[in-house]
Structures are given as structure tokens and as C-alpha cells.
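Source file: coords_5.txt; contents: compact mmCIF, C-alpha atoms.
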# COMPACT_ATOMS: atom_id res chain seq x y z
CA MET A 12 -8.32 12.44 -13.86
CA ARG A 13 -9.33 8.95 -14.95
CA VAL A 14 -6.00 7.54 -13.73
CA VAL A 15 -6.43 9.23 -10.34
CA VAL A 16 -10.00 7.98 -9.91
CA ASP A 17 -9.07 4.43 -10.91
CA ARG A 18 -6.14 4.31 -8.48
CA LEU A 19 -8.03 5.75 -5.52
CA GLN A 20 -10.88 3.26 -5.57
CA PRO A 21 -10.81 0.86 -3.91
CA PRO A 22 -10.00 1.26 -1.03
CA LEU A 23 -11.47 4.76 -1.20
CA ALA A 24 -14.88 5.64 -2.59
CA VAL A 25 -14.90 8.59 -4.98
CA THR A 26 -17.96 10.69 -4.20
CA LYS A 27 -17.53 13.58 -6.63
CA LEU A 28 -15.26 15.52 -8.97
CA GLU A 29 -14.75 19.17 -8.11
CA GLY A 30 -13.15 20.93 -11.04
CA ASP A 31 -9.64 19.49 -11.27
CA ALA A 32 -9.98 17.77 -7.86
CA VAL A 33 -11.19 14.31 -6.87
CA PHE A 34 -13.02 13.97 -3.53
CA ALA A 35 -12.98 10.51 -1.95
CA TYR A 36 -13.45 8.93 1.46
CA ALA A 37 -13.12 5.70 3.44
CA LEU A 38 -15.09 4.63 6.48
CA ASP A 39 -13.26 3.74 9.70
CA GLY A 40 -12.03 0.16 9.75
CA THR A 41 -12.09 -0.30 5.98
CA CYS A 42 -8.52 0.74 5.21
CA GLY A 43 -5.33 0.19 7.21
CA ALA A 44 -2.47 2.67 7.48
CA SER A 45 -0.16 0.88 5.03
CA THR A 46 -2.92 0.37 2.46
CA LEU A 47 -4.00 4.02 2.63
CA LEU A 48 -0.46 5.39 2.26
CA ASP A 49 0.32 2.86 -0.48
CA THR A 50 -2.83 4.02 -2.28
CA VAL A 51 -1.73 7.64 -2.02
CA GLU A 52 1.73 6.89 -3.39
CA GLN A 53 0.52 4.52 -6.12
CA THR A 54 -1.98 7.15 -7.26
CA TYR A 55 0.79 9.72 -7.51
CA PHE A 56 3.14 7.29 -9.29
CA ALA A 57 0.42 6.37 -11.80
CA PHE A 58 -0.31 10.06 -12.45
CA ARG A 59 3.37 10.85 -13.06
CA THR A 60 3.78 7.79 -15.29
CA ARG A 61 0.74 8.74 -17.37
CA ALA A 62 1.86 12.37 -17.74
CA ARG A 63 5.35 11.22 -18.76
CA ASP A 64 4.01 8.76 -21.32
CA ILE A 65 1.68 11.36 -22.87
CA ALA A 66 4.49 13.91 -23.06
CA HIS A 67 6.75 11.38 -24.80
CA ALA A 68 4.08 10.16 -27.20
CA THR A 69 2.57 13.44 -28.40
CA SER A 70 3.94 15.56 -31.20
CA CYS A 71 1.29 18.25 -30.76
CA THR A 72 2.67 21.75 -30.23
CA CYS A 73 -0.47 23.35 -28.76
CA GLU A 74 -0.12 25.16 -25.44
CA ALA A 75 -2.07 22.51 -23.50
CA CYS A 76 0.14 19.66 -24.70
CA LYS A 77 3.31 21.67 -24.08
CA GLN A 78 2.24 22.13 -20.45
CA ILE A 79 1.83 18.39 -19.74
CA PRO A 80 5.36 17.98 -18.28
CA THR A 81 4.59 20.76 -15.77
CA LEU A 82 1.49 19.05 -14.36
CA ASP A 83 1.68 17.69 -10.84
CA LEU A 84 -0.62 16.19 -8.22
CA LYS A 85 -1.16 16.99 -4.55
CA LEU A 86 -3.02 14.71 -2.16
CA VAL A 87 -4.62 15.95 1.06
CA VAL A 88 -5.71 13.40 3.66
CA HIS A 89 -7.77 14.18 6.77
CA HIS A 90 -9.57 12.13 9.43
CA GLY A 91 -12.82 13.26 11.02
CA ASP A 92 -16.59 13.04 11.18
CA PHE A 93 -19.03 13.66 8.36
CA VAL A 94 -22.63 13.10 7.35
CA ARG A 95 -23.52 11.20 4.19
CA ARG A 96 -26.69 12.28 2.43
CA GLU A 97 -28.26 11.97 -0.98
CA VAL A 98 -28.72 15.16 -2.97
CA ALA A 99 -30.24 15.11 -6.47
CA GLY A 100 -29.43 11.42 -6.88
CA SER A 101 -25.77 11.65 -5.81
CA GLU A 102 -23.99 11.27 -2.49
CA GLU A 103 -22.94 14.42 -0.63
CA LEU A 104 -20.66 14.61 2.41
CA THR A 105 -21.16 17.45 4.89
CA GLY A 106 -19.77 18.53 8.25
CA ARG A 107 -17.02 20.63 9.79
CA ASP A 108 -14.26 18.17 8.86
CA VAL A 109 -15.39 18.26 5.23
CA ILE A 110 -14.96 22.03 5.37
CA VAL A 111 -11.49 21.57 6.90
CA LEU A 112 -10.48 19.29 4.04
CA HIS A 113 -11.67 21.80 1.45
CA ARG A 114 -9.79 24.62 3.17
CA LEU A 115 -6.61 22.52 3.15
CA ALA A 116 -6.81 22.25 -0.63
CA LYS A 117 -5.50 25.82 -0.59
CA ASN A 118 -2.30 25.69 1.42
CA SER A 119 1.34 26.77 1.58
CA ALA A 120 2.90 23.30 1.22
CA ALA A 121 4.23 23.93 -2.29
CA GLU A 122 6.12 27.01 -1.10
CA VAL A 123 7.53 25.14 1.92
CA LEU A 124 8.63 22.04 -0.02
CA GLY A 125 9.48 23.73 -3.29
CA THR A 126 7.33 21.29 -5.27
CA LYS A 127 3.71 21.01 -6.38
CA GLY A 128 3.61 17.24 -5.92
CA TYR A 129 3.13 16.37 -2.27
CA LEU A 130 1.11 14.63 0.42
CA LEU A 131 -0.42 16.78 3.14
CA MET A 132 -1.76 14.69 6.02
CA THR A 133 -3.42 16.22 9.06
CA GLU A 134 -2.33 15.45 12.61
CA ALA A 135 -5.80 13.95 13.20
CA CYS A 136 -5.13 11.45 10.40
CA VAL A 137 -1.63 10.63 11.66
CA GLU A 138 -3.03 9.88 15.12
CA ALA A 139 -5.93 7.82 13.78
CA LEU A 140 -3.55 5.67 11.73
CA VAL A 141 -1.06 5.38 14.64
CA LEU A 142 1.84 6.58 12.51
CA ASP A 143 5.24 7.88 13.57
CA PRO A 144 5.76 10.87 11.24
CA ALA A 145 9.42 11.37 12.18
CA ALA A 146 10.27 7.73 11.43
CA LEU A 147 8.48 8.01 8.08
CA GLY A 148 10.37 11.16 7.16
CA LEU A 149 7.28 13.41 7.25
CA ARG A 150 7.82 17.11 7.81
CA PRO A 151 5.72 18.92 10.45
CA HIS A 152 3.68 21.82 9.12
CA VAL A 153 0.90 24.16 10.23
CA GLU A 154 -1.84 25.82 8.18
CA ARG A 155 -4.09 28.59 9.55
CA TYR A 156 -7.55 29.66 8.35
CA GLU A 157 -9.90 32.31 9.68
CA ASP A 158 -12.95 30.05 9.94
CA VAL A 159 -11.46 26.68 11.02
CA GLY A 160 -8.38 27.89 12.88
CA GLU A 161 -4.98 26.19 13.09
CA ILE A 162 -4.53 22.80 11.45
CA ARG A 163 -1.42 20.81 12.31
CA CYS A 164 -0.17 18.63 9.45
CA CYS A 165 2.70 16.60 8.06
CA LEU A 166 4.14 16.87 4.56
CA GLU A 167 5.87 14.43 2.21
CA ASP A 168 7.55 15.29 -1.07
CA LEU A 169 5.91 12.82 -3.46
CA GLY A 170 8.12 13.92 -6.32
CA GLU A 171 11.16 12.72 -4.37
CA ARG A 172 9.36 9.44 -3.57
CA TRP A 173 8.68 9.04 -7.31
CA ARG A 174 12.34 9.54 -8.17
CA THR A 175 13.43 7.07 -5.48
CA GLU A 176 10.89 4.49 -6.64
CA THR A 177 11.86 4.72 -10.32
CA GLU A 178 15.53 4.22 -9.40
CA ARG A 179 14.92 1.36 -6.96
CA GLN A 180 16.22 -2.02 -8.05
CA ARG A 181 13.58 -4.72 -8.18
CA VAL A 182 13.91 -7.93 -6.18
CA TYR A 183 11.56 -10.27 -8.00
CA VAL A 184 11.35 -14.01 -8.62
CA ALA A 185 9.67 -14.50 -12.00
CA PRO A 186 7.23 -17.37 -12.68
CA GLY A 187 9.07 -20.58 -13.49
CA GLU A 188 12.37 -19.35 -12.02
CA GLY A 189 11.84 -20.16 -8.34
CA SER A 190 13.52 -22.94 -6.41
CA PHE A 191 10.02 -23.69 -5.17
CA GLU A 192 6.57 -22.35 -6.07
CA ARG A 193 3.14 -22.54 -4.47
CA THR A 194 -0.24 -21.24 -5.60
CA LEU A 195 -3.18 -20.25 -3.43
CA THR A 196 -6.56 -18.99 -4.65
CA LEU A 197 -8.41 -16.68 -2.26
CA PRO A 198 -12.13 -15.81 -2.55
CA VAL A 199 -11.52 -12.07 -2.17
CA THR A 200 -10.47 -9.10 -4.26
CA THR A 201 -6.79 -8.30 -4.69
CA LEU A 202 -6.96 -5.38 -2.27
CA VAL A 203 -8.51 -7.53 0.48
CA ALA A 204 -5.98 -10.30 -0.19
CA TRP A 205 -3.13 -7.78 0.05
CA GLU A 206 -4.36 -6.58 3.44
CA TRP A 207 -4.66 -10.11 4.84
CA LEU A 208 -1.19 -11.03 3.58
CA THR A 209 0.64 -7.89 4.71
CA SER A 210 -1.11 -6.39 7.75
CA PRO A 211 0.55 -7.59 10.99
CA GLU A 212 -2.83 -7.39 12.75
CA LEU A 213 -4.61 -9.54 10.15
CA ARG A 214 -1.71 -11.95 9.76
CA ALA A 215 -1.92 -12.71 13.47
CA LEU A 216 -5.48 -13.98 12.91
CA TRP A 217 -4.38 -16.82 10.63
CA ASN A 218 -0.73 -17.71 11.02
CA GLY A 219 -1.08 -18.40 14.73
CA ASP A 220 1.79 -16.14 15.72
CA ALA A 221 2.38 -12.58 16.76
CA VAL A 222 3.90 -10.43 14.01
CA LEU A 223 6.02 -7.69 15.54
CA ARG A 224 6.99 -4.75 13.33
CA MET A 225 10.48 -3.89 14.55
CA THR A 226 10.95 -0.84 12.32
CA SER A 227 9.17 2.27 13.57
CA GLY A 228 6.80 4.31 11.46
CA GLY A 229 3.57 2.32 11.42
CA ARG A 230 3.50 1.05 7.83
CA GLU A 231 4.94 -1.72 5.68
CA ARG A 232 7.40 -0.75 2.94
CA VAL A 233 10.95 -1.44 1.73
CA GLY A 234 13.37 -1.52 4.66
CA VAL A 235 10.88 -2.67 7.28
CA THR A 236 11.89 -5.60 9.50
CA ASN A 237 9.32 -7.88 11.17
CA HIS A 238 9.69 -10.65 13.72
CA CYS A 239 7.20 -13.52 13.33
CA MET A 240 7.05 -15.12 16.75
CA HIS A 241 6.62 -18.91 16.68
CA GLY A 242 6.41 -19.62 20.38
CA GLU A 243 9.80 -18.62 21.79
CA GLU A 244 11.38 -18.61 18.33
CA ALA A 245 11.29 -15.80 15.81
CA ILE A 246 11.60 -15.79 12.03
CA VAL A 247 13.06 -12.46 10.96
CA GLU A 248 11.70 -11.06 7.70
CA HIS A 249 12.97 -8.06 5.76
CA VAL A 250 10.88 -6.22 3.16
CA LEU A 251 13.10 -6.07 0.06
CA ASP A 252 10.65 -4.98 -2.64
CA TRP A 253 7.17 -3.50 -2.21
CA ARG A 254 4.92 -2.97 -5.25
CA PRO A 255 1.34 -2.44 -4.03
CA PHE A 256 -0.91 -4.10 -4.96
CA ASP A 257 0.92 -6.42 -7.36
CA TYR A 258 3.68 -8.16 -5.42
CA PHE A 259 6.08 -7.95 -2.52
CA THR A 260 9.40 -9.68 -1.87
CA LYS A 261 10.70 -10.46 1.59
CA GLY A 262 13.89 -12.03 2.86
CA TYR A 263 13.58 -14.70 5.56
CA GLN A 264 16.31 -15.98 7.86
CA LEU A 265 15.93 -19.78 7.76
CA PRO A 266 17.91 -22.56 9.46
CA VAL A 267 20.58 -24.26 7.32
CA VAL A 268 19.75 -22.19 4.20
CA GLY A 269 20.41 -18.75 5.69
CA GLU A 270 18.56 -15.76 4.25
CA LEU A 271 16.19 -16.69 1.44
CA TYR A 272 13.99 -14.21 -0.38
CA MET A 273 10.54 -15.00 -1.67
CA THR A 274 8.19 -13.11 -3.97
CA THR A 275 4.45 -13.12 -3.27
CA GLU A 276 2.52 -12.02 -6.36
CA LEU A 277 -1.22 -11.30 -6.52
CA ILE A 278 -3.17 -11.87 -9.73
CA ALA A 279 -6.73 -10.58 -9.91
CA GLY A 280 -9.53 -12.91 -11.01
CA ASP A 281 -13.29 -12.59 -11.20
CA GLY A 282 -13.99 -11.82 -7.55
CA SER A 283 -10.99 -13.88 -6.46
CA THR A 284 -7.22 -13.56 -6.26
CA THR A 285 -4.52 -16.06 -7.21
CA VAL A 286 -1.50 -15.76 -4.94
CA ASP A 287 1.81 -17.14 -6.24
CA PHE A 288 4.63 -17.76 -3.76
CA ARG A 289 8.05 -18.18 -5.39
CA GLY A 290 11.38 -18.76 -3.66
CA GLU A 291 14.63 -17.37 -5.03
CA PRO A 292 16.63 -19.59 -7.43
CA LEU A 293 19.10 -21.72 -5.45
CA THR A 294 22.14 -23.67 -6.60
CA GLY A 295 24.90 -25.76 -5.11
CA GLU A 296 25.13 -26.04 -1.33
CA ARG A 297 22.21 -23.69 -0.72
CA LEU A 298 19.94 -25.85 -2.88
CA GLU A 299 21.03 -28.97 -0.98
CA ALA A 300 20.40 -27.14 2.31
CA TRP A 301 16.90 -26.20 1.14
CA ARG A 302 16.14 -29.82 0.31
CA GLU A 303 16.97 -30.74 3.90
CA ILE A 304 14.19 -28.55 5.28
CA GLU A 305 11.82 -28.54 2.28
CA GLY A 306 9.43 -31.09 3.79
CA GLU A 307 9.15 -29.14 7.02
CA MET A 308 8.65 -25.88 5.17
CA ARG A 309 6.01 -27.42 2.89
CA GLY A 310 4.04 -28.45 5.98
CA PHE A 311 4.43 -24.93 7.36
CA PHE A 312 3.09 -23.38 4.14
CA GLU A 313 0.16 -25.79 3.93
CA HIS A 314 -0.83 -25.12 7.54
CA ASN A 315 -0.80 -21.36 7.02
CA GLU A 316 -2.68 -21.56 3.72
CA HIS A 317 -5.52 -23.57 5.24
CA ALA A 318 -5.55 -21.29 8.30
CA LEU A 319 -5.89 -18.24 6.05
CA LEU A 320 -8.80 -19.78 4.14
CA GLU A 321 -10.51 -20.67 7.42
CA ALA A 322 -9.98 -17.14 8.76
CA LEU A 323 -11.51 -15.66 5.60
CA ALA A 324 -14.43 -18.09 5.82
CA ALA A 325 -15.01 -17.01 9.41
CA LYS A 326 -15.33 -13.45 8.11
CA GLY A 327 -17.99 -14.52 5.60
CA TYR A 328 -15.85 -15.20 2.52
CA SER A 329 -16.37 -18.48 0.64
CA THR A 330 -13.67 -21.14 0.45
CA ALA A 331 -11.09 -21.48 -2.33
CA SER A 332 -8.23 -23.79 -3.23
CA THR A 333 -4.51 -24.33 -2.71
CA GLY A 334 -1.91 -26.17 -4.75

Kindly transcribe the structure held in the file into C-alpha cells.
Amino acid sequence: MRVVVDRLQPPLAVTKLEGDAVFAYALDGTCGASTLLDTVEQTYFAFRTRARDIAHATSCTCEACKQIPTLDLKLVVHHGDFVRREVAGSEELTGRDVIVLHRLAKNSAAEVLGTKGYLLMTEACVEALVLDPAALGLRPHVERYEDVGEIRCCLEDLGERWRTETERQRVYVAPGEGSFERTLTLPVTTLVAWEWLTSPELRALWNGDAVLRMTSGGRERVGVTNHCMHGEEAIVEHVLDWRPFDYFTKGYQLPVVGELYMTTELIAGDGSTTVDFRGEPLTGERLEAWREIEGEMRGFFEHNEHALLEALAAKGYSTASTG
């Protein structure tokens, strides 16, 4: 339960624990589609990792400990209206959509998917986040209840996502190994920094270009291709590794050098975030090619870094430093 609570907030706010369930919410505009779905998946991954580690570490033979490997986690996500009120010193959420969410906690998804670890997301949530469920591999589903009627949903097998993620090869440039490295300190939390660095909508506010997501679905993750439009020119970027909210690695098609991948790693500070940019190790002709355009690229990085700091300052965040 502690792992689940810690992973959900932020961006969500946990309002109460209900038996073996955690009830959390986010207000409109505080959490983008990619961040919300990344939070859901990272919460599930953390839960499975913790359960696995406990099972491996314990030698206890009691019934509770023996059942640890059978534990699983379901996440139900809905979008709607609610009223926030204080009851006996704690926050309480009320309204029809709160009732809908509680009804959905009892559903037939496990029988349909054949697993107890899943995401159930309502059609209202899918529409609010502007997602393409078919492109994301979500399965259409319907639940029916006497008091709230028919609820259209989508399902995702989180157990399968966990297996895919644990088998995925990392694409990561470690500190000190890059052909070039840059450091930027932002006056925001890691979650806010992640949003500003990854959301196409927020990136357009500071890099001066339109960022077009060419892969359908409505979220950033491994396999997504974006076009960053610089006037009539476009830099094509491919998401190669996606580890919210620690780092991401993207491949960029650059003149002379060809495709070059770069890791962007976020390191939490005291109310700030250090962002390390590291380019892949280069040798031979590719290293010489990089040196031909390094000055131009350095100017490009510096311009974007200052633009990002100015955009954050315009939103009320204090200034920070680059290097």
C-alpha cells in the first residue's frame, strides 16, 4: 500500500484509503495524458517489483507470506465531476461520478482478460485525454450496473506490460560516457520538469517550433515518432527508451552525423531538478562529423535552454542555471 501511495502522488492526490484500495484524484489541467498513463504503469511496475522482492527475500512459511506471489493490482481510472468537502478533518469527494468509480471497482475485467492485474479506463476518461484506444492496444469493454447503468470502458493487461518492460533492452548513455554532455537546473519538481520536457504542447511554448506526434495513440512512449518543425525543416525524433520519471532516450536524425541518440536524465533536488543531456559515444568518422556541427548544435541547445527557463519564469517559477 505504501508503494502504491508513493507512486500515485504526485501527480495524483490521495484522498483516502478504503480497505485494500487507494482513492486518488487529479483536477483538470494538472496532469497530461502521457503523465497519467505513465503514473498508472509505474505504480503497477513498482507494486510488482516490491511483491517480487519480498517473495524472494522472505523465508517465512506462514500463509500470508506464501500468498505474496499471488498478489496483483488493478487500477480504475474515470473522468467526471465531483464535489470536494471536509468531513471530520479529512477531505471527502462526493457526486455521481464518484459512485460510478466505486461501482467499477467490482467488475468483470479479470474474467475477460484472464488476469487480476489490469487498467480499466472509462470512455469518458479516454475522450477527456484525447486518446486513441485502438492505437494504444486497449480492449473495448462494457460494464453494467443497476443504479448507474452501462459504462463503456477500455482494458489493458498490465501484467503483460510488466513482462514487456522487464524484457526491454535499455538505451542509456551513462554519466561520463557521452560524446557531449550538458546540464540544466530547473526551478521545478521532477514531475513538472518531465512534463515540460516531454509534452508536445508544453514543448511548443519554449522551443519555438511545432512538435507533431506522428504516431497515433495520444501518449509518449517507446516507439513514438515526433517531427519537430523548424520552419520548413523537420528534425525527426524517435523514442527509444522511456523510464518515467527518471530518464528518456531519443534518436535524432541530424545532418552529417546521421541518427544520434541522446539520454535526458532528471535528478531531483530540493524543489528543483537537474537535467543532464548526454549524447551517445561516437568514434571515428561519426565523431569527426559531430565536430563539424558541434558549434551549431551548442547554440541550438543554449537557445532552447534559455527559452525553457524564460517560459517557466513566465508561469511563475523562479530562474535557475545552465552549464

Margin query: Please list as a PyMOL selection string every residue within 8 Å of A:His90, counting only C-alpha atoms and excluding residues in the same chain fewer than 6 positions away.
Written below: chain A and resi 108+133+135-136+139

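Coordinates place atom CA of A:Val14 at a distance of 16.6 Å from atom CA of A:Leu169.
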
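When atom CA of A:Asp92 is paired with atom CA of A:Val111, their separation reads 10.8 Å.
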
Within 7 Å of A:Glu248, counting all atoms listed in the file, which residues show up once you throw out same-chain ones fewer than 5 positions away? Write them as a PDB file with C-alpha atoms, in the frame of the given file, please.
ATOM      1  CA  THR A 236      11.890  -5.600   9.500  1.00  0.00           C
ATOM      2  CA  ASN A 237       9.320  -7.880  11.170  1.00  0.00           C
ATOM      3  CA  HIS A 238       9.690 -10.650  13.720  1.00  0.00           C
ATOM      4  CA  LYS A 261      10.700 -10.460   1.590  1.00  0.00           C
ATOM      5  CA  GLY A 262      13.890 -12.030   2.860  1.00  0.00           C
ATOM      6  CA  TYR A 263      13.580 -14.700   5.560  1.00  0.00           C
ATOM      7  CA  GLN A 264      16.310 -15.980   7.860  1.00  0.00           C
TER       8      GLN A 264
END

Between atom CA of A:Thr260 and atom CA of A:Glu276, what is the distance in Å, rounded to a tenth?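 Interatomic distance here is 8.5 Å.
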
Can you tell me which residues surround stretch 28-44 of chain A at a distance of at most 10 Å, considering all atoms listed in the file, apart from same-chain residues fewer than 5 positions away, and format the answer as an mmCIF file with C-alpha atoms, in the frame of the given file?
data_model
loop_
_atom_site.group_PDB
_atom_site.id
_atom_site.type_symbol
_atom_site.label_atom_id
_atom_site.label_comp_id
_atom_site.auth_asym_id
_atom_site.auth_seq_id
_atom_site.Cartn_x
_atom_site.Cartn_y
_atom_site.Cartn_z
ATOM 1 C CA MET A 12 -8.320 12.440 -13.860
ATOM 2 C CA ARG A 13 -9.330 8.950 -14.950
ATOM 3 C CA VAL A 15 -6.430 9.230 -10.340
ATOM 4 C CA VAL A 16 -10.000 7.980 -9.910
ATOM 5 C CA LEU A 19 -8.030 5.750 -5.520
ATOM 6 C CA GLN A 20 -10.880 3.260 -5.570
ATOM 7 C CA PRO A 21 -10.810 0.860 -3.910
ATOM 8 C CA PRO A 22 -10.000 1.260 -1.030
ATOM 9 C CA LEU A 23 -11.470 4.760 -1.200
ATOM 10 C CA ASP A 49 0.320 2.860 -0.480
ATOM 11 C CA THR A 50 -2.830 4.020 -2.280
ATOM 12 C CA LEU A 84 -0.620 16.190 -8.220
ATOM 13 C CA LYS A 85 -1.160 16.990 -4.550
ATOM 14 C CA LEU A 86 -3.020 14.710 -2.160
ATOM 15 C CA VAL A 87 -4.620 15.950 1.060
ATOM 16 C CA VAL A 88 -5.710 13.400 3.660
ATOM 17 C CA HIS A 89 -7.770 14.180 6.770
ATOM 18 C CA HIS A 90 -9.570 12.130 9.430
ATOM 19 C CA GLY A 91 -12.820 13.260 11.020
ATOM 20 C CA ASP A 92 -16.590 13.040 11.180
ATOM 21 C CA LEU A 104 -20.660 14.610 2.410
ATOM 22 C CA LEU A 112 -10.480 19.290 4.040
ATOM 23 C CA HIS A 113 -11.670 21.800 1.450
ATOM 24 C CA ALA A 116 -6.810 22.250 -0.630
ATOM 25 C CA CYS A 136 -5.130 11.450 10.400
ATOM 26 C CA VAL A 137 -1.630 10.630 11.660
ATOM 27 C CA ALA A 139 -5.930 7.820 13.780
ATOM 28 C CA LEU A 140 -3.550 5.670 11.730
ATOM 29 C CA VAL A 141 -1.060 5.380 14.640
ATOM 30 C CA LEU A 142 1.840 6.580 12.510
ATOM 31 C CA LEU A 202 -6.960 -5.380 -2.270
ATOM 32 C CA VAL A 203 -8.510 -7.530 0.480
ATOM 33 C CA GLU A 206 -4.360 -6.580 3.440
ATOM 34 C CA SER A 210 -1.110 -6.390 7.750
ATOM 35 C CA GLU A 212 -2.830 -7.390 12.750
ATOM 36 C CA GLY A 229 3.570 2.320 11.420
ATOM 37 C CA ARG A 230 3.500 1.050 7.830
ATOM 38 C CA GLU A 231 4.940 -1.720 5.680
#

- prompt: Looking at A:Tyr328, A:Phe312, A:Trp207, A:Phe191, which one is nearest to A:Gly290, with distances taken over only C-alpha atoms?
  reply: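 Ranking A:Tyr328, A:Phe312, A:Trp207, A:Phe191 by distance to A:Gly290, first place goes to A:Phe191.
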
Practice problem: Compare A:Gly125, A:Gly310, A:Gly228, A:Gly269 by their minimum atom-to-atom distance to A:Leu48, counting all atoms listed in the file, and give me the closest one. | Solution: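 Looking only at the distances to A:Leu48, the closest residue turns out to be A:Gly228.
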
Query raised in the report: So which residues touch stretch 173-175 of chain A within 12 Å, counting only C-alpha atoms, skipping near sequence neighbours fewer than 4 positions away, as a list in words?
Result: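 Listed by chain and then number, they are Val51, Glu52, Gln53, Thr54, Tyr55, Phe56, Ala57, Phe58, Arg59, Thr60, Asp83, Leu84, Gly128, Tyr129, Glu167, Asp168, Leu169, Arg179, Gln180 and Val233 of chain A.
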
Every residue with an atom at most 6 Å from (-9.4, -17.1, 11.3) (file coordinates; all atoms listed in the file) is what I'm after, so could you write them as a count of residues only?
5

Output stretch 246-263 of chain A as a PDB file, keeping the file's coordinate frame, making sure N, CA and C atoms are there.
ATOM      1  N   ILE A 246      11.091 -15.851  13.399  1.00  0.00           N
ATOM      2  CA  ILE A 246      11.600 -15.790  12.030  1.00  0.00           C
ATOM      3  C   ILE A 246      11.670 -14.316  11.653  1.00  0.00           C
ATOM      4  N   VAL A 247      12.859 -13.866  11.307  1.00  0.00           N
ATOM      5  CA  VAL A 247      13.060 -12.460  10.960  1.00  0.00           C
ATOM      6  C   VAL A 247      12.809 -12.295   9.468  1.00  0.00           C
ATOM      7  N   GLU A 248      11.975 -11.328   9.110  1.00  0.00           N
ATOM      8  CA  GLU A 248      11.700 -11.060   7.700  1.00  0.00           C
ATOM      9  C   GLU A 248      12.012  -9.605   7.378  1.00  0.00           C
ATOM     10  N   HIS A 249      12.615  -9.399   6.221  1.00  0.00           N
ATOM     11  CA  HIS A 249      12.970  -8.060   5.760  1.00  0.00           C
ATOM     12  C   HIS A 249      12.219  -7.769   4.463  1.00  0.00           C
ATOM     13  N   VAL A 250      11.579  -6.611   4.377  1.00  0.00           N
ATOM     14  CA  VAL A 250      10.880  -6.220   3.160  1.00  0.00           C
ATOM     15  C   VAL A 250      11.917  -5.693   2.166  1.00  0.00           C
ATOM     16  N   LEU A 251      12.093  -6.405   1.047  1.00  0.00           N
ATOM     17  CA  LEU A 251      13.100  -6.070   0.060  1.00  0.00           C
ATOM     18  C   LEU A 251      12.534  -5.327  -1.147  1.00  0.00           C
ATOM     19  N   ASP A 252      11.292  -5.621  -1.498  1.00  0.00           N
ATOM     20  CA  ASP A 252      10.650  -4.980  -2.640  1.00  0.00           C
ATOM     21  C   ASP A 252       9.159  -4.898  -2.316  1.00  0.00           C
ATOM     22  N   TRP A 253       8.547  -3.763  -2.634  1.00  0.00           N
ATOM     23  CA  TRP A 253       7.170  -3.500  -2.210  1.00  0.00           C
ATOM     24  C   TRP A 253       6.460  -2.785  -3.358  1.00  0.00           C
ATOM     25  N   ARG A 254       5.608  -3.514  -4.077  1.00  0.00           N
ATOM     26  CA  ARG A 254       4.920  -2.970  -5.250  1.00  0.00           C
ATOM     27  C   ARG A 254       3.414  -3.155  -5.078  1.00  0.00           C
ATOM     28  N   PRO A 255       2.797  -2.308  -4.246  1.00  0.00           N
ATOM     29  CA  PRO A 255       1.340  -2.440  -4.030  1.00  0.00           C
ATOM     30  C   PRO A 255       0.593  -2.224  -5.350  1.00  0.00           C
ATOM     31  N   PHE A 256      -0.386  -2.944  -5.649  1.00  0.00           N
ATOM     32  CA  PHE A 256      -0.910  -4.100  -4.960  1.00  0.00           C
ATOM     33  C   PHE A 256      -0.695  -5.308  -5.849  1.00  0.00           C
ATOM     34  N   ASP A 257       0.555  -5.382  -6.407  1.00  0.00           N
ATOM     35  CA  ASP A 257       0.920  -6.420  -7.360  1.00  0.00           C
ATOM     36  C   ASP A 257       1.758  -7.535  -6.714  1.00  0.00           C
ATOM     37  N   TYR A 258       2.844  -7.144  -6.057  1.00  0.00           N
ATOM     38  CA  TYR A 258       3.680  -8.160  -5.420  1.00  0.00           C
ATOM     39  C   TYR A 258       4.545  -7.521  -4.345  1.00  0.00           C
ATOM     40  N   PHE A 259       5.055  -8.375  -3.459  1.00  0.00           N
ATOM     41  CA  PHE A 259       6.080  -7.950  -2.520  1.00  0.00           C
ATOM     42  C   PHE A 259       7.097  -9.074  -2.397  1.00  0.00           C
ATOM     43  N   THR A 260       8.331  -8.707  -2.074  1.00  0.00           N
ATOM     44  CA  THR A 260       9.400  -9.680  -1.870  1.00  0.00           C
ATOM     45  C   THR A 260      10.006  -9.446  -0.497  1.00  0.00           C
ATOM     46  N   LYS A 261      10.122 -10.543   0.251  1.00  0.00           N
ATOM     47  CA  LYS A 261      10.700 -10.460   1.590  1.00  0.00           C
ATOM     48  C   LYS A 261      11.834 -11.471   1.724  1.00  0.00           C
ATOM     49  N   GLY A 262      12.823 -11.111   2.523  1.00  0.00           N
ATOM     50  CA  GLY A 262      13.890 -12.030   2.860  1.00  0.00           C
ATOM     51  C   GLY A 262      13.630 -12.656   4.211  1.00  0.00           C
ATOM     52  N   TYR A 263      13.842 -13.973   4.328  1.00  0.00           N
ATOM     53  CA  TYR A 263      13.580 -14.700   5.560  1.00  0.00           C
ATOM     54  C   TYR A 263      14.848 -15.408   6.017  1.00  0.00           C
TER      55      TYR A 263
END
